[in-house]
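Q: Following this message is one structure expressed as structure tokens.
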Amino acid sequence: MARKTILVCDKCSSEVPEGRGAVMRLNYTDARRGSKQADLCDDCAGGMPGRAVARRGRRPKSVA
Ligand SMILES: [Zn+2]
């Protein structure tokens, strides 16, 4: 029997449908504190602080 993993939002506890949601990963500057992560539904992910991060590979325009 295939076990289906149901993802639940760590913030609002609602079920996150497959293919949706986000994972928020938090890395402490103090490496000894390690890191933590949370599964979020789309709604909660959108309400989280943070900024869009450019994908790796290309540098943003350099400031002259
Ligand atoms: Zn949520």
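Identifiers for the structure tokens are assigned positionally: chains receive A, B, ... in sequence, residues are indexed from 1 per chain, and ligands are indexed from 1 in the order shown.
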May I ask you to write as a list of chain:residue names all residues lying at most 10 Å from ligand 1, with only C-alpha atoms and all ligand atoms counted?
A: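 The distance check yields A:Val8, A:Cys9, A:Asp10, A:Lys11, A:Cys12, A:Ser13, A:Ser14, A:Glu15, A:Val16, A:Gly21, A:Ala22, A:Asp39, A:Leu40, A:Cys41, A:Asp42, A:Asp43, A:Cys44, A:Ala45, A:Gly46, A:Gly47.
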Q: Could you write out, as a ChimeraX atom specification, all the residues of range 3-63 of chain A that DSSP marks as alpha helix (DSSP H)?
A: /A:42-47
Q: DSSP says strand (DSSP E) for which residues of range 8-59 of chain A? Put them as a VMD selection string?
A: chain A and resid 8 15 to 16 22 to 27 35 to 40
Q: Let me see the file: selected residues, C-alpha atoms, as a short mmCIF file (atom, residue, chain, number, x, y, z; two decimals), in the first residue's frame.
A:
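Contents of again25.cif, as written:
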```
data_model
loop_
_atom_site.label_atom_id
_atom_site.label_comp_id
_atom_site.auth_asym_id
_atom_site.auth_seq_id
_atom_site.Cartn_x
_atom_site.Cartn_y
_atom_site.Cartn_z
CA VAL A 8 0.39 20.32 6.54
CA GLU A 15 -3.47 20.78 4.32
CA VAL A 16 -1.17 21.74 1.48
CA ALA A 22 6.48 26.36 -0.04
CA VAL A 23 9.29 25.49 2.30
CA MET A 24 10.75 28.30 4.34
CA ARG A 25 14.26 27.66 5.52
CA LEU A 26 15.88 29.71 8.18
CA ASN A 27 19.61 29.67 8.69
CA SER A 35 18.70 26.00 11.00
CA LYS A 36 15.04 25.29 10.88
CA GLN A 37 12.45 25.04 8.24
CA ALA A 38 8.73 25.20 7.89
CA ASP A 39 6.27 23.87 5.37
CA LEU A 40 3.85 26.56 4.36
#
```
Q: When you draw a straight line from CA of Arg33 in chain A to CA of Arg55 in chain A, how long is it in Å?
A: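 Value for the CA of Arg33 in chain A-CA of Arg55 in chain A distance: 26.3 Å.
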